[in-house]
file entry-v8.pdb (PDB, C-alpha atoms)
ATOM      1  CA  MET A   1       0.000   0.000   0.000  1.00  0.00           C
ATOM      2  CA  ILE A   2       1.297   3.459  -0.894  1.00  0.00           C
ATOM      3  CA  THR A   3       0.559   6.406   1.333  1.00  0.00           C
ATOM      4  CA  VAL A   4       1.014  10.133   0.944  1.00  0.00           C
ATOM      5  CA  ILE A   5       3.315  11.820   3.452  1.00  0.00           C
ATOM      6  CA  LYS A   6       3.471  15.529   4.292  1.00  0.00           C
ATOM      7  CA  GLY A   7       4.666  17.589   1.370  1.00  0.00           C
ATOM      8  CA  GLY A   8       3.224  15.237  -1.245  1.00  0.00           C
ATOM      9  CA  LEU A   9       5.950  12.569  -1.117  1.00  0.00           C
ATOM     10  CA  LEU A  10       4.995   8.968  -1.728  1.00  0.00           C
ATOM     11  CA  ALA A  11       6.411   6.156   0.378  1.00  0.00           C
ATOM     12  CA  ALA A  12       5.683   2.489   0.910  1.00  0.00           C
ATOM     13  CA  ALA A  13       3.658   1.822   4.017  1.00  0.00           C
ATOM     14  CA  GLY A  14       5.846   0.914   6.987  1.00  0.00           C
ATOM     15  CA  ALA A  15       9.138   1.783   5.240  1.00  0.00           C
ATOM     16  CA  LYS A  16      11.005   4.447   7.189  1.00  0.00           C
ATOM     17  CA  ALA A  17      14.412   5.556   5.972  1.00  0.00           C
ATOM     18  CA  SER A  18      16.888   6.002   8.787  1.00  0.00           C
ATOM     19  CA  PRO A  19      18.930   9.209   8.688  1.00  0.00           C
ATOM     20  CA  LEU A  20      22.055   7.155   9.392  1.00  0.00           C
ATOM     21  CA  VAL A  21      21.545   5.039   6.293  1.00  0.00           C
ATOM     22  CA  SER A  22      21.302   8.135   4.112  1.00  0.00           C
ATOM     23  CA  LEU A  23      24.514   9.558   5.626  1.00  0.00           C
ATOM     24  CA  LEU A  24      26.486   6.325   5.305  1.00  0.00           C
ATOM     25  CA  PRO A  25      27.710   6.882   1.703  1.00  0.00           C
ATOM     26  CA  MET A  26      28.942  10.379   2.580  1.00  0.00           C
ATOM     27  CA  VAL A  27      30.793   9.091   5.645  1.00  0.00           C
ATOM     28  CA  LEU A  28      32.391   6.306   3.586  1.00  0.00           C
ATOM     29  CA  VAL A  29      33.584   8.818   0.983  1.00  0.00           C
ATOM     30  CA  LEU A  30      35.108  11.026   3.697  1.00  0.00           C
ATOM     31  CA  VAL A  31      36.870   8.036   5.290  1.00  0.00           C
ATOM     32  CA  PHE A  32      38.203   7.002   1.877  1.00  0.00           C
ATOM     33  CA  PHE A  33      39.560  10.484   1.175  1.00  0.00           C
ATOM     34  CA  TYR A  34      41.212  10.679   4.589  1.00  0.00           C
ATOM     35  CA  PHE A  35      43.004   7.329   4.463  1.00  0.00           C
ATOM     36  CA  PHE A  36      43.942   7.276   0.770  1.00  0.00           C
ATOM     37  CA  ILE A  37      44.564  10.947  -0.042  1.00  0.00           C
ATOM     38  CA  ILE A  38      44.957  13.250   2.960  1.00  0.00           C
ATOM     39  CA  ARG A  39      46.902  11.009   5.348  1.00  0.00           C
ATOM     40  CA  PRO A  40      49.577   9.869   2.811  1.00  0.00           C
ATOM     41  CA  GLN A  41      50.086  13.483   1.721  1.00  0.00           C
ATOM     42  CA  GLN A  42      50.639  14.596   5.334  1.00  0.00           C
ATOM     43  CA  LYS A  43      53.122  11.761   5.839  1.00  0.00           C
ATOM     44  CA  ARG A  44      55.040  12.767   2.701  1.00  0.00           C
ATOM     45  CA  GLU A  45      55.139  16.430   3.826  1.00  0.00           C
ATOM     46  CA  LYS A  46      56.615  15.383   7.190  1.00  0.00           C
ATOM     47  CA  GLU A  47      59.302  13.315   5.443  1.00  0.00           C
ATOM     48  CA  VAL A  48      60.252  16.206   3.142  1.00  0.00           C
ATOM     49  CA  ALA A  49      60.393  18.660   6.064  1.00  0.00           C
ATOM     50  CA  ALA A  50      62.627  16.253   8.012  1.00  0.00           C
ATOM     51  CA  MET A  51      64.914  15.838   4.976  1.00  0.00           C
ATOM     52  CA  ARG A  52      65.228  19.605   4.527  1.00  0.00           C
ATOM     53  CA  SER A  53      65.931  20.225   8.209  1.00  0.00           C
ATOM     54  CA  ALA A  54      68.647  17.519   8.161  1.00  0.00           C
ATOM     55  CA  LEU A  55      70.613  19.129   5.311  1.00  0.00           C
ATOM     56  CA  LYS A  56      74.286  19.646   6.068  1.00  0.00           C
ATOM     57  CA  GLU A  57      77.311  21.036   4.281  1.00  0.00           C
ATOM     58  CA  GLY A  58      78.824  18.572   1.841  1.00  0.00           C
ATOM     59  CA  ASP A  59      75.507  16.907   0.914  1.00  0.00           C
ATOM     60  CA  HIS A  60      74.854  16.487  -2.791  1.00  0.00           C
ATOM     61  CA  ILE A  61      71.351  17.632  -3.686  1.00  0.00           C
ATOM     62  CA  ILE A  62      68.987  17.861  -6.617  1.00  0.00           C
ATOM     63  CA  THR A  63      66.678  20.870  -6.648  1.00  0.00           C
ATOM     64  CA  VAL A  64      63.072  20.737  -7.796  1.00  0.00           C
ATOM     65  CA  GLY A  65      64.267  22.536 -10.937  1.00  0.00           C
ATOM     66  CA  GLY A  66      66.772  19.757 -11.684  1.00  0.00           C
ATOM     67  CA  ILE A  67      69.997  21.507 -10.645  1.00  0.00           C
ATOM     68  CA  LEU A  68      72.637  19.149  -9.257  1.00  0.00           C
ATOM     69  CA  GLY A  69      74.977  20.598  -6.659  1.00  0.00           C
ATOM     70  CA  LYS A  70      76.922  20.249  -3.456  1.00  0.00           C
ATOM     71  CA  ILE A  71      75.933  22.254  -0.379  1.00  0.00           C
ATOM     72  CA  VAL A  72      78.624  24.775   0.547  1.00  0.00           C
ATOM     73  CA  LYS A  73      76.841  26.843   3.187  1.00  0.00           C
ATOM     74  CA  ILE A  74      73.487  26.742   4.930  1.00  0.00           C
ATOM     75  CA  LYS A  75      71.737  29.835   6.222  1.00  0.00           C
ATOM     76  CA  GLU A  76      68.300  29.967   7.838  1.00  0.00           C
ATOM     77  CA  ASP A  77      66.137  29.559   4.725  1.00  0.00           C
ATOM     78  CA  VAL A  78      68.820  29.728   2.025  1.00  0.00           C
ATOM     79  CA  VAL A  79      71.295  27.095   0.859  1.00  0.00           C
ATOM     80  CA  GLN A  80      74.403  27.935  -1.159  1.00  0.00           C
ATOM     81  CA  ILE A  81      75.273  25.170  -3.592  1.00  0.00           C
ATOM     82  CA  GLU A  82      78.287  24.611  -5.809  1.00  0.00           C
ATOM     83  CA  VAL A  83      77.300  23.627  -9.349  1.00  0.00           C
ATOM     84  CA  GLY A  84      79.080  22.746 -12.558  1.00  0.00           C
ATOM     85  CA  THR A  85      82.683  22.004 -13.348  1.00  0.00           C
ATOM     86  CA  ASP A  86      83.773  25.594 -12.723  1.00  0.00           C
ATOM     87  CA  LYS A  87      82.356  25.393  -9.157  1.00  0.00           C
ATOM     88  CA  THR A  88      79.891  28.267  -9.490  1.00  0.00           C
ATOM     89  CA  VAL A  89      78.118  29.005  -6.196  1.00  0.00           C
ATOM     90  CA  ILE A  90      74.398  29.818  -6.336  1.00  0.00           C
ATOM     91  CA  GLU A  91      71.841  30.412  -3.614  1.00  0.00           C
ATOM     92  CA  VAL A  92      68.541  28.550  -3.545  1.00  0.00           C
ATOM     93  CA  LEU A  93      65.769  28.396  -0.987  1.00  0.00           C
ATOM     94  CA  LYS A  94      65.601  25.320   1.232  1.00  0.00           C
ATOM     95  CA  THR A  95      62.093  24.709  -0.080  1.00  0.00           C
ATOM     96  CA  SER A  96      63.534  24.244  -3.586  1.00  0.00           C
ATOM     97  CA  VAL A  97      65.672  21.275  -2.492  1.00  0.00           C
ATOM     98  CA  GLY A  98      63.970  18.215  -3.943  1.00  0.00           C
ATOM     99  CA  THR A  99      66.145  15.328  -2.794  1.00  0.00           C
ATOM    100  CA  VAL A 100      69.489  14.524  -1.254  1.00  0.00           C
ATOM    101  CA  ALA A 101      71.286  12.620  -3.992  1.00  0.00           C
ATOM    102  CA  LYS A 102      73.674   9.744  -3.665  1.00  0.00           C
ATOM    103  CA  LEU A 103      77.220  10.592  -4.719  1.00  0.00           C
ATOM    104  CA  SER A 104      77.043   7.948  -7.460  1.00  0.00           C
ATOM    105  CA  ASP A 105      73.980   9.676  -8.967  1.00  0.00           C
ATOM    106  CA  VAL A 106      75.823  12.981  -9.141  1.00  0.00           C
ATOM    107  CA  LYS A 107      78.984  11.462 -10.659  1.00  0.00           C
ATOM    108  CA  ASN A 108      76.995   9.579 -13.305  1.00  0.00           C
ATOM    109  CA  ALA A 109      74.924  12.609 -14.329  1.00  0.00           C
ATOM    110  CA  GLU A 110      75.555  13.777 -17.878  1.00  0.00           C
ATOM    111  CA  VAL A 111      76.234  17.463 -18.337  1.00  0.00           C
ATOM    112  CA  ASP A 112      75.412  18.975 -21.720  1.00  0.00           C
ATOM    113  CA  GLY A 113      77.822  21.634 -22.920  1.00  0.00           C
ATOM    114  CA  ILE A 114      76.186  24.840 -24.050  1.00  0.00           C
TER
END
call {"tool": "encode", "arguments": {"input": "entry-v8.pdb", "output": "structure tokens"}}
result
Amino acid sequence: MITVIKGGLLAAAGAKASPLVSLLPMVLVLVFFYFFIIRPQQKREKEVAAMRSALKEGDHIITVGGILGKIVKIKEDVVQIEVGTDKTVIEVLKTSVGTVAKLSDVKNAEVDGI
């Protein structure tokens, strides 16, 4: 039997939709986003911040722009790196340091002559 509810909606007799059942898909989507998107991103940000705070003179780095160099001096937010065969010193922000490279990666890198 079909009955008319307030506002003109039709519903089967005796069938009452629980508010929790209607919220369940939204809660599942939020849980999915937290565990598969937000939480891994926060973990990665912590790892990058720890890597940047552990930089020391003599480390070989690769910047986010692809510059290979050796750290010569570290200031508060700025890192001076030695690049190229003529040992040019440039300053980059700590936030532009992408990774700390292994010495073998730096030695095996090909440098194109301009």
call {"tool": "closest_residue", "arguments": {"input": "entry-v8.pdb", "among": "A:Lys43, A:Lys70, A:Lys75, A:Arg52", "to": "Gly98 (chain A)", "atoms": "all atoms listed in the file"}}
result
A:Arg52
call {"tool": "resolve_selection", "arguments": {"input": "entry-v8.pdb", "expression": "the PyMOL selection byres ((chain A and resi 79) around 6)", "output": "ChimeraX atom specification"}}
result
/A:74,78,80,91-94
call {"tool": "axis_aligned_box", "arguments": {"input": "entry-v8.pdb", "around": "region 39-45 of chain A", "padding_each_side": "8 Å", "output": "JSON"}}
result
{"center_x": 51.0, "center_y": 13.1, "center_z": 3.8, "size_x": 24.2, "size_y": 22.6, "size_z": 20.1}
call {"tool": "resolve_selection", "arguments": {"input": "entry-v8.pdb", "expression": "the PyMOL selection byres ((chain A and resi 58) around 10)", "output": "list in words"}}
result
Leu55, Lys56, Glu57, Asp59, His60, Ile61, Gly69, Lys70, Ile71, Val72, Lys73, Ile81 and Glu82 of chain A
call {"tool": "atom_distance", "arguments": {"input": "entry-v8.pdb", "atom1": "CA of Arg39 (chain A)", "atom2": "CA of Thr63 (chain A)"}}
result
25.1 Å
call {"tool": "atom_distance", "arguments": {"input": "entry-v8.pdb", "atom1": "CA of Thr99 (chain A)", "atom2": "CA of Val48 (chain A)"}}
result
8.4 Å
call {"tool": "atom_distance", "arguments": {"input": "entry-v8.pdb", "atom1": "CA of Glu47 (chain A)", "atom2": "CA of Glu76 (chain A)"}}
result
19.1 Å
call {"tool": "closest_residue", "arguments": {"input": "entry-v8.pdb", "among": "A:Gln41, A:Ser53, A:Thr85, A:Ser96", "to": "Ile67 (chain A)", "atoms": "all atoms listed in the file"}}
result
A:Ser96
call {"tool": "closest_residue", "arguments": {"input": "entry-v8.pdb", "among": "A:Glu45, A:Lys16, A:Leu68, A:Ser22", "to": "Ala101 (chain A)", "atoms": "all atoms listed in the file"}}
result
A:Leu68
call {"tool": "closest_residue", "arguments": {"input": "entry-v8.pdb", "among": "A:Ala49, A:Val83, A:Val31, A:Ala54", "to": "Gly66 (chain A)", "atoms": "only C-alpha atoms"}}
result
A:Val83
call {"tool": "build_atoms", "arguments": {"input": "entry-v8.pdb", "residues": "region 40-62 of chain A", "atoms": "N, CA, C and O atoms", "output": "PDB file, keeping the file's coordinate frame"}}
result
ATOM      1  N   PRO A  40      48.279  10.083   3.475  1.00  0.00           N
ATOM      2  CA  PRO A  40      49.577   9.869   2.811  1.00  0.00           C
ATOM      3  C   PRO A  40      50.272  11.183   2.437  1.00  0.00           C
ATOM      4  O   PRO A  40      51.497  11.279   2.504  1.00  0.00           O
ATOM      5  N   GLN A  41      49.490  12.193   2.065  1.00  0.00           N
ATOM      6  CA  GLN A  41      50.086  13.483   1.721  1.00  0.00           C
ATOM      7  C   GLN A  41      50.727  14.126   2.946  1.00  0.00           C
ATOM      8  O   GLN A  41      51.816  14.689   2.866  1.00  0.00           O
ATOM      9  N   GLN A  42      50.069  14.047   4.106  1.00  0.00           N
ATOM     10  CA  GLN A  42      50.639  14.596   5.334  1.00  0.00           C
ATOM     11  C   GLN A  42      51.917  13.854   5.719  1.00  0.00           C
ATOM     12  O   GLN A  42      52.888  14.475   6.159  1.00  0.00           O
ATOM     13  N   LYS A  43      51.932  12.556   5.537  1.00  0.00           N
ATOM     14  CA  LYS A  43      53.122  11.761   5.839  1.00  0.00           C
ATOM     15  C   LYS A  43      54.273  12.171   4.935  1.00  0.00           C
ATOM     16  O   LYS A  43      55.412  12.333   5.389  1.00  0.00           O
ATOM     17  N   ARG A  44      54.006  12.357   3.661  1.00  0.00           N
ATOM     18  CA  ARG A  44      55.040  12.767   2.701  1.00  0.00           C
ATOM     19  C   ARG A  44      55.578  14.158   3.060  1.00  0.00           C
ATOM     20  O   ARG A  44      56.786  14.398   2.980  1.00  0.00           O
ATOM     21  N   GLU A  45      54.706  15.089   3.447  1.00  0.00           N
ATOM     22  CA  GLU A  45      55.139  16.430   3.826  1.00  0.00           C
ATOM     23  C   GLU A  45      56.052  16.396   5.045  1.00  0.00           C
ATOM     24  O   GLU A  45      57.030  17.143   5.111  1.00  0.00           O
ATOM     25  N   LYS A  46      55.761  15.520   6.008  1.00  0.00           N
ATOM     26  CA  LYS A  46      56.615  15.383   7.190  1.00  0.00           C
ATOM     27  C   LYS A  46      57.991  14.847   6.799  1.00  0.00           C
ATOM     28  O   LYS A  46      59.009  15.297   7.323  1.00  0.00           O
ATOM     29  N   GLU A  47      58.036  13.880   5.889  1.00  0.00           N
ATOM     30  CA  GLU A  47      59.302  13.315   5.443  1.00  0.00           C
ATOM     31  C   GLU A  47      60.152  14.363   4.726  1.00  0.00           C
ATOM     32  O   GLU A  47      61.357  14.452   4.948  1.00  0.00           O
ATOM     33  N   VAL A  48      59.531  15.168   3.875  1.00  0.00           N
ATOM     34  CA  VAL A  48      60.252  16.206   3.142  1.00  0.00           C
ATOM     35  C   VAL A  48      60.771  17.272   4.110  1.00  0.00           C
ATOM     36  O   VAL A  48      61.916  17.726   3.990  1.00  0.00           O
ATOM     37  N   ALA A  49      59.956  17.665   5.080  1.00  0.00           N
ATOM     38  CA  ALA A  49      60.393  18.660   6.064  1.00  0.00           C
ATOM     39  C   ALA A  49      61.562  18.126   6.889  1.00  0.00           C
ATOM     40  O   ALA A  49      62.516  18.864   7.178  1.00  0.00           O
ATOM     41  N   ALA A  50      61.523  16.849   7.257  1.00  0.00           N
ATOM     42  CA  ALA A  50      62.627  16.253   8.012  1.00  0.00           C
ATOM     43  C   ALA A  50      63.896  16.201   7.163  1.00  0.00           C
ATOM     44  O   ALA A  50      64.997  16.471   7.659  1.00  0.00           O
ATOM     45  N   MET A  51      63.757  15.883   5.871  1.00  0.00           N
ATOM     46  CA  MET A  51      64.914  15.838   4.976  1.00  0.00           C
ATOM     47  C   MET A  51      65.533  17.222   4.842  1.00  0.00           C
ATOM     48  O   MET A  51      66.750  17.371   4.906  1.00  0.00           O
ATOM     49  N   ARG A  52      64.709  18.242   4.690  1.00  0.00           N
ATOM     50  CA  ARG A  52      65.228  19.605   4.527  1.00  0.00           C
ATOM     51  C   ARG A  52      65.858  20.133   5.808  1.00  0.00           C
ATOM     52  O   ARG A  52      66.817  20.891   5.750  1.00  0.00           O
ATOM     53  N   SER A  53      65.334  19.758   6.958  1.00  0.00           N
ATOM     54  CA  SER A  53      65.931  20.225   8.209  1.00  0.00           C
ATOM     55  C   SER A  53      67.228  19.483   8.526  1.00  0.00           C
ATOM     56  O   SER A  53      68.047  19.962   9.295  1.00  0.00           O
ATOM     57  N   ALA A  54      67.438  18.308   7.918  1.00  0.00           N
ATOM     58  CA  ALA A  54      68.647  17.519   8.161  1.00  0.00           C
ATOM     59  C   ALA A  54      69.757  17.812   7.154  1.00  0.00           C
ATOM     60  O   ALA A  54      70.786  17.138   7.173  1.00  0.00           O
ATOM     61  N   LEU A  55      69.572  18.800   6.286  1.00  0.00           N
ATOM     62  CA  LEU A  55      70.613  19.129   5.311  1.00  0.00           C
ATOM     63  C   LEU A  55      71.868  19.592   6.032  1.00  0.00           C
ATOM     64  O   LEU A  55      71.795  20.288   7.045  1.00  0.00           O
ATOM     65  N   LYS A  56      73.022  19.211   5.479  1.00  0.00           N
ATOM     66  CA  LYS A  56      74.286  19.646   6.068  1.00  0.00           C
ATOM     67  C   LYS A  56      75.270  19.948   4.944  1.00  0.00           C
ATOM     68  O   LYS A  56      75.075  19.519   3.805  1.00  0.00           O
ATOM     69  N   GLU A  57      76.302  20.686   5.273  1.00  0.00           N
ATOM     70  CA  GLU A  57      77.311  21.036   4.281  1.00  0.00           C
ATOM     71  C   GLU A  57      77.982  19.768   3.771  1.00  0.00           C
ATOM     72  O   GLU A  57      78.260  18.848   4.527  1.00  0.00           O
ATOM     73  N   GLY A  58      78.203  19.735   2.462  1.00  0.00           N
ATOM     74  CA  GLY A  58      78.824  18.572   1.841  1.00  0.00           C
ATOM     75  C   GLY A  58      77.823  17.623   1.205  1.00  0.00           C
ATOM     76  O   GLY A  58      78.221  16.748   0.429  1.00  0.00           O
ATOM     77  N   ASP A  59      76.529  17.753   1.531  1.00  0.00           N
ATOM     78  CA  ASP A  59      75.507  16.907   0.914  1.00  0.00           C
ATOM     79  C   ASP A  59      75.361  17.266  -0.557  1.00  0.00           C
ATOM     80  O   ASP A  59      75.414  18.436  -0.938  1.00  0.00           O
ATOM     81  N   HIS A  60      75.160  16.268  -1.380  1.00  0.00           N
ATOM     82  CA  HIS A  60      74.854  16.487  -2.791  1.00  0.00           C
ATOM     83  C   HIS A  60      73.338  16.477  -2.932  1.00  0.00           C
ATOM     84  O   HIS A  60      72.672  15.563  -2.441  1.00  0.00           O
ATOM     85  N   ILE A  61      72.802  17.486  -3.586  1.00  0.00           N
ATOM     86  CA  ILE A  61      71.351  17.632  -3.686  1.00  0.00           C
ATOM     87  C   ILE A  61      70.925  17.790  -5.138  1.00  0.00           C
ATOM     88  O   ILE A  61      71.727  18.112  -6.008  1.00  0.00           O
ATOM     89  N   ILE A  62      69.640  17.566  -5.347  1.00  0.00           N
ATOM     90  CA  ILE A  62      68.987  17.861  -6.617  1.00  0.00           C
ATOM     91  C   ILE A  62      67.815  18.772  -6.296  1.00  0.00           C
ATOM     92  O   ILE A  62      66.976  18.431  -5.464  1.00  0.00           O
TER      93      ILE A  62
END
